[in-house]
Amino acid sequence: MFVSLAIIAGLLLTAIYTLNNHLAIVSRHRVITIASALAAEKLRESGRLHITEDSGSFPPPYEDYTYTIKGVPSTFSDIFIKELAVRHGREKVFLKRLYKKQP
């Protein structure tokens with residue numbers, strides 16, 4: 001009887017651990033997906049408005065996500081690199097876009 005209880009306890013602990021690990025992965029995936037979508041939209045918006053340096057947070061319901069836009073020097077004289085970082089807690093998502101400098 002005690003052997004069967006030990007086996008069931010082991011199986012139950014394994015199932016709980018697996019479920020907990022899966023939920024942690026799903027939560028992280030959700031944060032990264034939202035941050036990537038917000039970063040892509042902010043990068044498009046900054047390109048339309050010709051913004052090269054900016055930082056702040058996103059409007060509700062994403063006020064926990066912050067962003068930083070900065071220009072990065074390029075080794076090519078006619079290329080401008082814009083880097084955008086979106087942060088939420090410990091997670092960070094970086095996007096870079098290359099632009100041709102206007103004459």
# chains A, B, ... in the order shown; residues from 1 in each chain; ligands from 1
$ select_by_dssp --residues "segment 14-74 of chain A" --states "alpha helix (DSSP H)" --output "ChimeraX atom specification"
/A:14-49
$ write_last_selection --atoms "N, CA and C atoms" --output "CSV table (one decimal), in the first residue's frame"
chain,number,residue,atom,x,y,z
A,14,THR,N,5.3,15.2,-10.2
A,14,THR,CA,5.8,15.4,-11.6
A,14,THR,C,4.8,16.2,-12.4
A,15,ALA,N,3.5,15.8,-12.3
A,15,ALA,CA,2.5,16.5,-13.0
A,15,ALA,C,2.4,18.0,-12.6
A,16,ILE,N,2.5,18.3,-11.3
A,16,ILE,CA,2.5,19.7,-10.8
A,16,ILE,C,3.7,20.4,-11.3
A,17,TYR,N,4.9,19.8,-11.3
A,17,TYR,CA,6.1,20.5,-11.7
A,17,TYR,C,6.0,20.8,-13.2
A,18,THR,N,5.5,19.8,-14.0
A,18,THR,CA,5.4,20.0,-15.5
A,18,THR,C,4.4,21.1,-15.8
A,19,LEU,N,3.2,21.2,-15.1
A,19,LEU,CA,2.2,22.2,-15.3
A,19,LEU,C,2.8,23.6,-15.0
A,20,ASN,N,3.5,23.7,-13.8
A,20,ASN,CA,4.1,24.9,-13.4
A,20,ASN,C,5.1,25.5,-14.4
A,21,ASN,N,5.9,24.6,-14.9
A,21,ASN,CA,6.9,24.9,-15.9
A,21,ASN,C,6.2,25.4,-17.2
A,22,HIS,N,5.2,24.7,-17.6
A,22,HIS,CA,4.5,25.1,-18.8
A,22,HIS,C,3.8,26.5,-18.7
A,23,LEU,N,3.2,26.7,-17.5
A,23,LEU,CA,2.6,28.0,-17.3
A,23,LEU,C,3.6,29.2,-17.3
A,24,ALA,N,4.8,28.9,-16.8
A,24,ALA,CA,5.9,29.9,-16.8
A,24,ALA,C,6.3,30.2,-18.2
A,25,ILE,N,6.4,29.2,-19.0
A,25,ILE,CA,6.8,29.4,-20.4
A,25,ILE,C,5.7,30.2,-21.2
A,26,VAL,N,4.5,29.8,-21.0
A,26,VAL,CA,3.4,30.5,-21.6
A,26,VAL,C,3.3,32.0,-21.2
A,27,SER,N,3.5,32.3,-19.9
A,27,SER,CA,3.5,33.7,-19.5
A,27,SER,C,4.7,34.5,-20.1
A,28,ARG,N,5.8,33.9,-20.2
A,28,ARG,CA,7.0,34.6,-20.8
A,28,ARG,C,6.7,34.8,-22.3
A,29,HIS,N,6.2,33.8,-22.9
A,29,HIS,CA,5.9,33.9,-24.4
A,29,HIS,C,4.8,35.0,-24.6
A,30,ARG,N,3.9,35.2,-23.7
A,30,ARG,CA,2.9,36.2,-23.9
A,30,ARG,C,3.5,37.6,-23.8
A,31,VAL,N,4.4,37.8,-22.8
A,31,VAL,CA,5.1,39.1,-22.6
A,31,VAL,C,5.9,39.4,-23.8
A,32,ILE,N,6.7,38.4,-24.3
A,32,ILE,CA,7.6,38.7,-25.4
A,32,ILE,C,6.7,39.0,-26.7
A,33,THR,N,5.6,38.3,-26.9
A,33,THR,CA,4.8,38.6,-28.1
A,33,THR,C,4.2,40.0,-28.0
A,34,ILE,N,3.7,40.4,-26.9
A,34,ILE,CA,3.1,41.7,-26.7
A,34,ILE,C,4.2,42.8,-26.9
A,35,ALA,N,5.4,42.5,-26.3
A,35,ALA,CA,6.5,43.5,-26.4
A,35,ALA,C,6.9,43.6,-27.9
A,36,SER,N,7.0,42.5,-28.6
A,36,SER,CA,7.4,42.6,-30.0
A,36,SER,C,6.4,43.3,-30.9
A,37,ALA,N,5.1,43.1,-30.6
A,37,ALA,CA,4.1,43.8,-31.4
A,37,ALA,C,4.1,45.3,-31.1
A,38,LEU,N,4.2,45.7,-29.8
A,38,LEU,CA,4.3,47.1,-29.4
A,38,LEU,C,5.6,47.7,-30.0
A,39,ALA,N,6.7,47.0,-30.0
A,39,ALA,CA,7.9,47.5,-30.6
A,39,ALA,C,7.8,47.8,-32.1
A,40,ALA,N,7.2,46.9,-32.8
A,40,ALA,CA,7.1,47.0,-34.2
A,40,ALA,C,6.2,48.2,-34.5
A,41,GLU,N,5.1,48.4,-33.8
A,41,GLU,CA,4.2,49.5,-34.0
A,41,GLU,C,4.9,50.8,-33.7
A,42,LYS,N,5.6,50.9,-32.6
A,42,LYS,CA,6.3,52.1,-32.2
A,42,LYS,C,7.4,52.5,-33.2
A,43,LEU,N,8.1,51.5,-33.7
A,43,LEU,CA,9.1,51.7,-34.7
A,43,LEU,C,8.6,52.3,-36.0
A,44,ARG,N,7.4,51.7,-36.4
A,44,ARG,CA,6.7,52.3,-37.6
A,44,ARG,C,6.3,53.7,-37.3
A,45,GLU,N,5.7,54.0,-36.2
A,45,GLU,CA,5.2,55.3,-35.8
A,45,GLU,C,6.4,56.3,-35.7
A,46,SER,N,7.5,55.9,-35.2
A,46,SER,CA,8.7,56.8,-35.1
A,46,SER,C,9.2,57.1,-36.5
A,47,GLY,N,9.1,56.2,-37.4
A,47,GLY,CA,9.6,56.4,-38.7
A,47,GLY,C,8.7,57.4,-39.5
A,48,ARG,N,7.4,57.3,-39.2
A,48,ARG,CA,6.5,58.3,-39.9
A,48,ARG,C,6.7,59.7,-39.3
A,49,LEU,N,6.9,59.8,-38.0
A,49,LEU,CA,7.1,61.1,-37.3
A,49,LEU,C,8.5,61.6,-37.3
$ residues_around --residues "segment 84-98 of chain A" --least-positions-apart "3" --cutoff "6 Å" --atoms "only C-alpha atoms" --output "list in words"
Tyr65, Thr66, Tyr67, Thr68, Ile69, Phe80 and Ile81 of chain A
$ atom_distance --atom1 "atom CA of Tyr99 of chain A" --atom2 "atom CA of Pro59 of chain A"
26.7 Å
$ select_by_dssp --residues "chain A" --states "strand (DSSP E)" --output "NGL selection string"
:A and (54-57 or 66-72 or 79-88 or 91-100)
$ atom_distance --atom1 "atom CA of Gln102 of chain A" --atom2 "atom CA of Ile51 of chain A"
14.1 Å
$ residues_around --residues "Ser77 of chain A" --least-positions-apart "3" --cutoff "10 Å" --atoms "only C-alpha atoms" --output "compact mmCIF listing (two decimals) with N, CA and C atoms, in the first residue's frame"
# COMPACT_ATOMS: atom_id res chain seq x y z
N PRO A 73 25.15 54.73 -34.26
CA PRO A 73 26.04 55.03 -35.38
C PRO A 73 26.26 53.82 -36.29
N SER A 74 26.39 54.09 -37.55
CA SER A 74 26.60 53.04 -38.54
C SER A 74 27.99 53.20 -39.15
N PHE A 80 21.45 55.11 -41.48
CA PHE A 80 21.13 55.48 -40.09
C PHE A 80 20.42 54.29 -39.44
N LYS A 100 17.94 54.91 -44.88
CA LYS A 100 18.88 55.64 -45.72
C LYS A 100 18.78 57.11 -45.33
N LYS A 101 19.94 57.72 -45.07
CA LYS A 101 19.95 59.14 -44.69
C LYS A 101 19.50 59.99 -45.86
$ atom_distance --atom1 "atom CA of Gly71 of chain A" --atom2 "atom CA of Glu53 of chain A"
6.6 Å
